[in-house]
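Participant: Sharing final12.txt, compact mmCIF, C-alpha atoms and all ligand atoms:
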```txt
# COMPACT_ATOMS: atom_id res chain seq x y z
CA MET O 1 0.00 0.00 0.00
CA THR O 2 1.20 3.52 -0.73
CA ASN O 3 2.27 5.47 2.29
CA PRO O 4 2.82 9.26 2.28
CA THR O 5 5.93 8.78 4.43
CA ASP O 6 7.63 6.98 1.50
CA PHE O 7 7.71 10.27 -0.41
CA LEU O 8 9.12 13.76 -0.13
CA LEU O 9 5.80 15.12 -1.37
CA TYR O 10 2.54 13.22 -1.57
CA ALA O 11 -0.84 14.43 -2.82
CA ASP O 12 -3.75 12.20 -1.86
CA ALA O 13 -6.97 12.58 -3.89
CA VAL O 14 -6.62 16.35 -4.06
CA ALA O 15 -9.61 18.32 -5.37
CA LYS O 16 -10.00 22.06 -5.93
CA ARG O 17 -12.96 24.00 -7.25
CA TYR O 18 -12.97 27.72 -8.00
CA PRO O 19 -16.39 29.07 -6.97
CA ASP O 20 -15.88 31.90 -9.47
CA GLY O 21 -17.27 30.35 -12.66
CA ASP O 22 -17.87 27.03 -10.88
CA VAL O 23 -14.68 25.50 -12.28
CA ARG O 24 -13.55 22.11 -11.05
CA ALA O 25 -9.79 22.68 -11.52
CA LEU O 26 -8.55 19.52 -9.77
CA ASN O 27 -10.64 16.41 -9.55
CA GLY O 28 -8.95 13.76 -7.42
CA VAL O 29 -5.22 14.00 -8.10
CA THR O 30 -2.98 11.46 -6.36
CA LEU O 31 0.76 11.63 -6.84
CA GLY O 32 3.97 10.99 -4.93
CA VAL O 33 7.37 12.53 -5.60
CA ARG O 34 10.54 11.04 -4.13
CA PRO O 35 13.65 12.98 -3.08
CA GLY O 36 15.78 13.85 -6.10
CA GLU O 37 13.11 12.95 -8.65
CA TYR O 38 12.58 15.08 -11.79
CA VAL O 39 8.89 15.19 -12.70
CA ALA O 40 7.40 17.05 -15.66
CA ILE O 41 3.69 17.93 -15.71
CA THR O 42 2.10 18.54 -19.10
CA GLY O 43 -1.39 18.96 -20.50
CA PRO O 44 -3.57 21.43 -22.36
CA SER O 45 -4.07 24.97 -21.13
CA GLY O 46 -6.67 25.09 -18.36
CA CYS O 47 -6.30 21.44 -17.29
CA GLY O 48 -5.22 22.39 -13.76
CA LYS O 49 -1.40 22.33 -13.87
CA SER O 50 -0.86 25.66 -12.12
CA THR O 51 -3.57 24.91 -9.60
CA LEU O 52 -1.88 21.60 -8.80
CA LEU O 53 1.52 23.27 -8.40
CA ASN O 54 0.03 25.90 -6.09
CA VAL O 55 -1.63 23.23 -3.96
CA LEU O 56 1.56 21.13 -3.85
CA GLY O 57 3.56 24.18 -2.82
CA ALA O 58 1.11 25.22 -0.07
CA LEU O 59 0.31 28.45 -1.91
CA ASP O 60 -3.30 27.31 -2.09
CA VAL O 61 -5.38 24.83 -0.09
CA PRO O 62 -7.35 21.93 -1.60
CA ASP O 63 -11.10 21.56 -0.91
CA ALA O 64 -10.69 17.83 -0.49
CA GLY O 65 -7.80 15.42 -0.12
CA ALA O 66 -4.48 16.22 1.50
CA VAL O 67 -0.88 17.10 0.70
CA TYR O 68 1.94 15.64 2.78
CA PHE O 69 5.53 16.87 2.97
CA LYS O 70 7.92 14.24 4.37
CA GLY O 71 4.83 12.40 5.59
CA GLU O 72 3.41 15.36 7.48
CA PRO O 73 0.10 16.87 6.35
CA LEU O 74 0.42 20.51 5.27
CA ALA O 75 -3.07 21.22 6.60
CA THR O 76 -1.94 20.90 10.22
CA ARG O 77 1.13 23.14 9.90
CA ARG O 78 0.94 26.51 11.58
CA ASP O 79 4.25 27.85 10.27
CA LEU O 80 3.35 27.74 6.56
CA ASP O 81 5.32 30.83 5.49
CA THR O 82 8.53 29.65 7.12
CA PHE O 83 7.91 26.09 5.96
CA ARG O 84 7.48 27.24 2.35
CA ALA O 85 10.49 29.53 2.40
CA ARG O 86 12.78 26.81 3.77
CA GLN O 87 11.53 23.69 2.05
CA ILE O 88 10.27 24.77 -1.37
CA GLY O 89 11.82 26.88 -4.11
CA PHE O 90 9.40 28.43 -6.61
CA VAL O 91 10.21 29.45 -10.17
CA PHE O 92 7.43 31.00 -12.23
CA GLN O 93 7.04 31.96 -15.87
CA SER O 94 7.13 35.63 -14.90
CA PHE O 95 9.88 35.89 -12.39
CA PHE O 96 8.40 38.33 -9.85
CA LEU O 97 11.74 39.90 -9.02
CA MET O 98 11.53 43.09 -6.97
CA PRO O 99 12.29 45.90 -9.44
CA THR O 100 14.00 48.20 -6.94
CA LEU O 101 16.38 45.54 -5.62
CA THR O 102 19.61 44.37 -7.21
CA ALA O 103 20.04 40.75 -8.27
CA ARG O 104 22.03 40.05 -5.09
CA GLU O 105 19.32 41.63 -2.92
CA ASN O 106 16.54 39.77 -4.73
CA VAL O 107 18.24 36.45 -4.02
CA GLN O 108 18.36 37.33 -0.32
CA VAL O 109 14.62 37.96 0.03
CA PRO O 110 13.64 34.37 1.01
CA MET O 111 16.60 34.19 3.41
CA PHE O 112 14.75 36.39 5.89
CA GLU O 113 12.51 33.35 6.57
CA GLY O 114 15.55 31.03 6.55
CA PRO O 115 18.31 29.94 8.91
CA LEU O 116 20.98 32.53 8.02
CA THR O 117 20.82 35.29 10.61
CA ALA O 118 23.98 37.29 9.88
CA ARG O 119 23.81 39.78 7.03
CA ALA O 120 27.33 38.89 5.86
CA GLU O 121 26.31 35.24 5.55
CA ARG O 122 23.27 36.15 3.48
CA VAL O 123 25.30 38.35 1.14
CA LYS O 124 27.90 35.60 0.69
CA LYS O 125 25.24 32.97 0.03
CA ALA O 126 23.48 35.20 -2.51
CA THR O 127 26.80 35.90 -4.24
CA ASP O 128 27.62 32.18 -4.39
CA LEU O 129 24.18 31.34 -5.79
CA LEU O 130 24.49 34.01 -8.48
CA GLU O 131 27.88 32.48 -9.42
CA LEU O 132 26.23 29.07 -9.57
CA VAL O 133 23.66 30.25 -12.12
CA GLY O 134 26.28 32.17 -14.11
CA MET O 135 25.13 35.60 -12.94
CA GLY O 136 27.99 36.58 -10.63
CA HIS O 137 29.01 39.40 -12.96
CA ARG O 138 25.52 40.96 -12.78
CA ALA O 139 25.01 40.84 -9.00
CA SER O 140 24.61 44.61 -8.64
CA HIS O 141 22.19 45.01 -11.55
CA ARG O 142 18.48 45.59 -11.14
CA PRO O 143 15.98 43.40 -13.03
CA LYS O 144 15.30 45.97 -15.78
CA GLN O 145 19.03 46.05 -16.56
CA LEU O 146 19.00 42.30 -17.20
CA SER O 147 17.84 40.26 -20.17
CA VAL O 148 14.80 38.03 -19.78
CA GLY O 149 16.97 34.90 -19.61
CA GLU O 150 19.22 36.52 -17.01
CA ARG O 151 16.20 37.43 -14.89
CA GLN O 152 15.05 33.85 -14.91
CA ARG O 153 18.50 32.73 -13.74
CA VAL O 154 18.34 35.26 -10.87
CA ALA O 155 14.88 33.90 -10.01
CA LEU O 156 16.36 30.41 -9.96
CA ALA O 157 19.15 31.56 -7.61
CA ARG O 158 16.46 33.11 -5.39
CA ALA O 159 14.51 29.82 -5.36
CA LEU O 160 17.65 28.12 -4.00
CA ALA O 161 18.24 30.73 -1.27
CA ASN O 162 17.48 28.37 1.62
CA ASP O 163 18.69 25.13 -0.03
CA PRO O 164 15.20 23.62 -0.35
CA PRO O 165 14.93 19.89 -1.14
CA LEU O 166 12.11 20.64 -3.61
CA LEU O 167 11.83 23.04 -6.53
CA LEU O 168 8.47 23.81 -8.18
CA ALA O 169 8.58 25.51 -11.57
CA ASP O 170 5.56 26.71 -13.57
CA GLU O 171 6.50 27.00 -17.26
CA PRO O 172 9.94 28.35 -16.30
CA THR O 173 11.13 28.55 -19.90
CA GLY O 174 7.83 29.86 -21.30
CA ASN O 175 9.15 33.41 -21.74
CA LEU O 176 12.64 32.45 -22.89
CA ASP O 177 14.14 31.97 -26.34
CA SER O 178 15.53 28.51 -27.04
CA ALA O 179 19.15 29.36 -26.11
CA ASN O 180 18.15 30.78 -22.72
CA ALA O 181 15.64 28.00 -22.14
CA ALA O 182 18.44 25.47 -22.71
CA LYS O 183 20.64 27.28 -20.15
CA VAL O 184 17.92 27.21 -17.51
CA LEU O 185 17.19 23.54 -18.20
CA ASP O 186 20.89 22.68 -17.95
CA LEU O 187 20.94 24.37 -14.56
CA PHE O 188 17.93 22.38 -13.42
CA ALA O 189 19.61 19.14 -14.48
CA GLN O 190 22.87 20.09 -12.74
CA LEU O 191 21.05 21.04 -9.54
CA GLN O 192 19.05 17.86 -9.54
CA LYS O 193 22.23 15.79 -9.84
CA ALA O 194 24.59 17.82 -7.65
CA ARG O 195 22.14 18.57 -4.84
CA GLY O 196 19.69 15.69 -5.09
CA LEU O 197 16.98 18.28 -5.63
CA ALA O 198 13.46 17.08 -6.42
CA LEU O 199 12.01 19.04 -9.33
CA ILE O 200 8.42 19.40 -10.46
CA VAL O 201 8.25 21.35 -13.70
CA VAL O 202 5.04 22.33 -15.48
CA THR O 203 5.81 22.62 -19.17
CA HIS O 204 4.36 22.79 -22.68
CA SER O 205 7.69 21.75 -24.10
CA ASP O 206 8.37 18.18 -25.21
CA GLU O 207 12.09 18.89 -24.87
CA VAL O 208 11.66 19.78 -21.20
CA ALA O 209 9.50 16.73 -20.60
CA ALA O 210 12.09 14.49 -22.29
CA LEU O 211 14.68 15.48 -19.62
CA ALA O 212 12.47 14.33 -16.73
CA ASP O 213 12.42 10.95 -14.96
CA ARG O 214 8.63 10.96 -15.17
CA VAL O 215 6.05 12.75 -17.26
CA ILE O 216 2.60 13.29 -15.80
CA ARG O 217 -0.11 14.20 -18.28
CA MET O 218 -3.22 15.97 -17.05
CA ARG O 219 -6.62 16.58 -18.59
CA ASP O 220 -9.69 18.21 -17.02
CA GLY O 221 -8.21 18.28 -13.53
CA GLN O 222 -7.10 14.66 -13.54
CA ILE O 223 -3.92 12.70 -14.20
CA VAL O 224 -4.36 10.69 -17.40
CA SER O 225 -0.87 9.16 -17.53
CA ASP O 226 2.24 8.99 -15.36
CA CYS O 227 5.27 7.32 -16.93
CA ALA O 228 8.83 7.72 -18.24
CA PRO O 229 9.31 10.28 -21.05
CA ALA O 230 7.92 9.31 -24.45
CA THR O 231 11.31 9.05 -26.20
CA THR O 232 11.80 5.45 -25.02
CA THR O 233 8.41 4.49 -26.44
CA ALA O 234 9.18 6.27 -29.71
CA ARG O 235 12.43 4.31 -30.03
CA THR O 236 10.64 1.05 -29.29
CA VAL O 237 8.04 1.80 -31.95
CA SER O 238 10.54 2.79 -34.65
CA GLY O 239 13.05 0.07 -33.74
N1 LIG F 301 -8.59 32.13 -9.63
C1 LIG F 301 -9.40 31.44 -10.42
N2 LIG F 301 -10.75 31.60 -10.40
C2 LIG F 301 -11.57 30.90 -11.20
N3 LIG F 301 -11.15 29.95 -12.06
C3 LIG F 301 -9.82 29.74 -12.14
C4 LIG F 301 -8.87 30.45 -11.33
N4 LIG F 301 -7.62 30.01 -11.61
C5 LIG F 301 -7.77 29.06 -12.56
N5 LIG F 301 -9.07 28.90 -12.88
C6 LIG F 301 -9.63 27.91 -13.82
O1 LIG F 301 -9.28 26.62 -13.36
C7 LIG F 301 -8.89 25.77 -14.44
C8 LIG F 301 -7.46 25.30 -14.23
O2 LIG F 301 -6.60 26.42 -14.33
P1 LIG F 301 -5.01 26.29 -14.23
O3 LIG F 301 -4.68 25.47 -13.07
O4 LIG F 301 -4.46 27.68 -14.28
O5 LIG F 301 -4.67 25.50 -15.57
P2 LIG F 301 -3.29 25.35 -16.40
O6 LIG F 301 -2.17 25.84 -15.53
O7 LIG F 301 -3.21 23.90 -16.72
O8 LIG F 301 -3.46 26.17 -17.64
C9 LIG F 301 -9.09 26.61 -15.71
O9 LIG F 301 -10.35 26.29 -16.24
C10 LIG F 301 -9.04 28.04 -15.22
O10 LIG F 301 -9.81 28.88 -16.04
MG MG F 302 -0.78 27.39 -15.85
```
Can I see the file as structure tokens?
Ligand SMILES: Nc1ncnc2c1ncn2[C@@H]1O[C@H](COP(=O)(O)OP(=O)(O)O)[C@@H](O)[C@H]1O
Ligand SMILES: [Mg+2]
Facilitator:
Amino acid sequence: MTNPTDFLLYADAVAKRYPDGDVRALNGVTLGVRPGEYVAITGPSGCGKSTLLNVLGALDVPDAGAVYFKGEPLATRRDLDTFRARQIGFVFQSFFLMPTLTARENVQVPMFEGPLTARAERVKKATDLLELVGMGHRASHRPKQLSVGERQRVALARALANDPPLLLADEPTGNLDSANAAKVLDLFAQLQKARGLALIVVTHSDEVAALADRVIRMRDGQIVSDCAPATTTARTVSG
């Protein structure tokens, strides 16, 4: 029998309805993600991908079902803001960087909910993370002085501010050209390997999905398939 404690993140029969327009966005989604796993979520626009990511990341609460992190139900946590800041990194299609802050300052924002108390430590950590994503030379720039691809790399550094074991990304390459998208995806792959980071990436891109360990396809608020990327099947068919 499946047990939530076997997983880093476990969603059990999660349902979510938006009263506005009476939309049933999630209709009984069950899914477990293990530490270090790379999961892609695909499906047509409006099928509930973003809603699922928000519920998994404790940005939104389900109407029914439950989400567990390391076997503990999110619904009973009272420290949700701190929990989120420390355990989950978020990367969105639009990066939501603070326009008045430099790249180095933006990366430090989540650290105020994290374990680093000394300012010097936070600055060093932010500097190191910007180096990691290849943005060390732009640390003092503000978002509007950066290209779109560079902004997404800063947002990725920010998502890693507190070394979370889980990264949630909602169409993270949706606003990027193919060269910048490839850079961001390379970083994801490196992070997954080097840090044992679990990644859940919502994507329209078959190339992104092909890099994942698992591809989950959704339709009308439900999971319709959950398996290894299609490339193996394609090879089997043609070979
Ligand atoms: N805040 C909201 N209020 C009402 N309906 C919403 C809201 N957010 C999303 N929806 C609806 O819920 C469904 C799922 O949306 P979403 O999770 O954003 O899908 P996806 O990310 O797959 O495009 C869609 O039909 C969408 O129109
Ligand atoms: Mg969406």
Participant: Within 10 Å of ligand LIG 301 (chain F), counting all atoms listed in the file: which residues, as a PyMOL selection string?
Facilitator: chain O and resi 16-26+41-55+170-171+202-204+218-221
Participant: Atom CA of O:Ala179 and atom CA of O:Val201, how far apart in Å?
Facilitator: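 Between these atoms lies a distance of 18.4 Å.
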Participant: Need to verify the contact set: O:Val33, 6 Å, all atoms listed in the file, exclusion of same-chain residues closer than 2 positions in sequence. Can you return it as a list in words?
Facilitator: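 With the cut-off at 6 Å, the set is Phe7, Leu8 and Leu9 of chain O.
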Participant: When you look at O:Pro165 with a cut-off of 8 Å (counting all atoms listed in the file), what residues show up, excluding the ones that are within fewer than 3 positions of it in the same chain? I need them as a PDB file with C-alpha atoms, in the frame of the given file.
Facilitator:
```
ATOM      1  CA  PRO O  35      13.650  12.980  -3.080  1.00  0.00           C
ATOM      2  CA  GLY O  36      15.780  13.850  -6.100  1.00  0.00           C
ATOM      3  CA  GLN O  87      11.530  23.690   2.050  1.00  0.00           C
ATOM      4  CA  ILE O  88      10.270  24.770  -1.370  1.00  0.00           C
ATOM      5  CA  GLY O 196      19.690  15.690  -5.090  1.00  0.00           C
ATOM      6  CA  LEU O 197      16.980  18.280  -5.630  1.00  0.00           C
ATOM      7  CA  ALA O 198      13.460  17.080  -6.420  1.00  0.00           C
TER       8      ALA O 198
END
```
Participant: Between atom CA of O:Ile223 and atom CA of O:Phe96, what is the spacing in Å?
Facilitator: 28.8 Å
Participant: Quick check, in Å to one decimal: how far apart do atom CA of O:Leu116 and atom CA of O:Ala85 lie?
Facilitator: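 Straight-line distance from atom CA of O:Leu116 to atom CA of O:Ala85 works out to 12.3 Å.
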Participant: What box, with edges along x, y and z, holds each listed atom of stretch 195-198 of chain O when 4 Å is added on every side, and can you state its centre and edge lengths in Å to one decimal, as lines of an AutoDock Vina configuration file?
Facilitator:
```
center_x = 17.8
center_y = 17.1
center_z = -5.6
size_x = 16.7
size_y = 10.9
size_z = 9.6
```
Participant: Neighbourhood query: residues within 9 Å of (15.0, 38.7, -4.4), file coordinates, counting only C-alpha atoms; return as number ranges by chain.
Facilitator: O: 96-98, 101-110, 154-155, 157-159
Participant: Restricted to C-alpha atoms, what would the selected residues look like written as an mmCIF file, keeping the file's coordinate frame?
Facilitator:
```
data_model
loop_
_atom_site.group_PDB
_atom_site.id
_atom_site.type_symbol
_atom_site.label_atom_id
_atom_site.label_comp_id
_atom_site.auth_asym_id
_atom_site.auth_seq_id
_atom_site.Cartn_x
_atom_site.Cartn_y
_atom_site.Cartn_z
ATOM 1 C CA PHE O 96 8.400 38.330 -9.850
ATOM 2 C CA LEU O 97 11.740 39.900 -9.020
ATOM 3 C CA MET O 98 11.530 43.090 -6.970
ATOM 4 C CA LEU O 101 16.380 45.540 -5.620
ATOM 5 C CA THR O 102 19.610 44.370 -7.210
ATOM 6 C CA ALA O 103 20.040 40.750 -8.270
ATOM 7 C CA ARG O 104 22.030 40.050 -5.090
ATOM 8 C CA GLU O 105 19.320 41.630 -2.920
ATOM 9 C CA ASN O 106 16.540 39.770 -4.730
ATOM 10 C CA VAL O 107 18.240 36.450 -4.020
ATOM 11 C CA GLN O 108 18.360 37.330 -0.320
ATOM 12 C CA VAL O 109 14.620 37.960 0.030
ATOM 13 C CA PRO O 110 13.640 34.370 1.010
ATOM 14 C CA VAL O 154 18.340 35.260 -10.870
ATOM 15 C CA ALA O 155 14.880 33.900 -10.010
ATOM 16 C CA ALA O 157 19.150 31.560 -7.610
ATOM 17 C CA ARG O 158 16.460 33.110 -5.390
ATOM 18 C CA ALA O 159 14.510 29.820 -5.360
#
```
Participant: With all atoms listed in the file as the counted atoms, please give the residues lying no more than 12 Å from O:Thr117, apart from itself and same-chain residues fewer than 6 positions off, as a PyMOL selection string.
Facilitator: chain O and resi 108+111+123+125+162
Participant: Within 10 Å of O:Ala228, counting all atoms listed in the file, which residues show up once you throw out same-chain ones fewer than 2 positions away? Write them as an mmCIF file with C-alpha atoms, keeping the file's coordinate frame, please.
Facilitator:
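Writing the result to result-v7.cif gives the following:
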```cif
data_model
loop_
_atom_site.group_PDB
_atom_site.id
_atom_site.type_symbol
_atom_site.label_atom_id
_atom_site.label_comp_id
_atom_site.auth_asym_id
_atom_site.auth_seq_id
_atom_site.Cartn_x
_atom_site.Cartn_y
_atom_site.Cartn_z
ATOM 1 C CA VAL O 39 8.890 15.190 -12.700
ATOM 2 C CA ALA O 40 7.400 17.050 -15.660
ATOM 3 C CA ALA O 209 9.500 16.730 -20.600
ATOM 4 C CA ALA O 210 12.090 14.490 -22.290
ATOM 5 C CA LEU O 211 14.680 15.480 -19.620
ATOM 6 C CA ALA O 212 12.470 14.330 -16.730
ATOM 7 C CA ASP O 213 12.420 10.950 -14.960
ATOM 8 C CA ARG O 214 8.630 10.960 -15.170
ATOM 9 C CA VAL O 215 6.050 12.750 -17.260
ATOM 10 C CA ILE O 216 2.600 13.290 -15.800
ATOM 11 C CA SER O 225 -0.870 9.160 -17.530
ATOM 12 C CA ASP O 226 2.240 8.990 -15.360
ATOM 13 C CA ALA O 230 7.920 9.310 -24.450
ATOM 14 C CA THR O 231 11.310 9.050 -26.200
ATOM 15 C CA THR O 232 11.800 5.450 -25.020
ATOM 16 C CA THR O 233 8.410 4.490 -26.440
#
```
Participant: Counting only C-alpha atoms, which of O:Thr100, O:Val224, O:Leu167, O:Arg195 gets nearest to O:Gln145?
Facilitator: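 When distances to O:Gln145 are compared using only C-alpha atoms, the smallest one comes from O:Thr100.
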Participant: Could you pull the residues within 7 Å of O:Leu168, counting all atoms listed in the file, minus those fewer than 6 positions along the same chain, as an NGL selection string?
Facilitator: :O and (53 or 89-91 or 199-201)
Participant: Which one is closest to O:Asp60: O:Gly134, O:Ala15, O:Thr82, O:Arg153? Count all atoms listed in the file.
Facilitator: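 Selected residue with least distance to O:Asp60: O:Ala15.
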Participant: Of the candidates O:Leu176, O:Gly57, O:Phe112, O:Gln93, which shows the shortest atom-to-atom distance to ligand MG 302 (chain F), using all atoms listed in the file?
Facilitator: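 Checking each of O:Leu176, O:Gly57, O:Phe112, O:Gln93 against ligand MG 302 (chain F), counting all atoms listed in the file, the winner is O:Gln93.
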Participant: With distances taken over all atoms listed in the file, which residue among O:Asn27, O:Pro229, O:Asp12, O:Ser94 lies nearest ligand MG 302 (chain F)?
Facilitator: O:Ser94
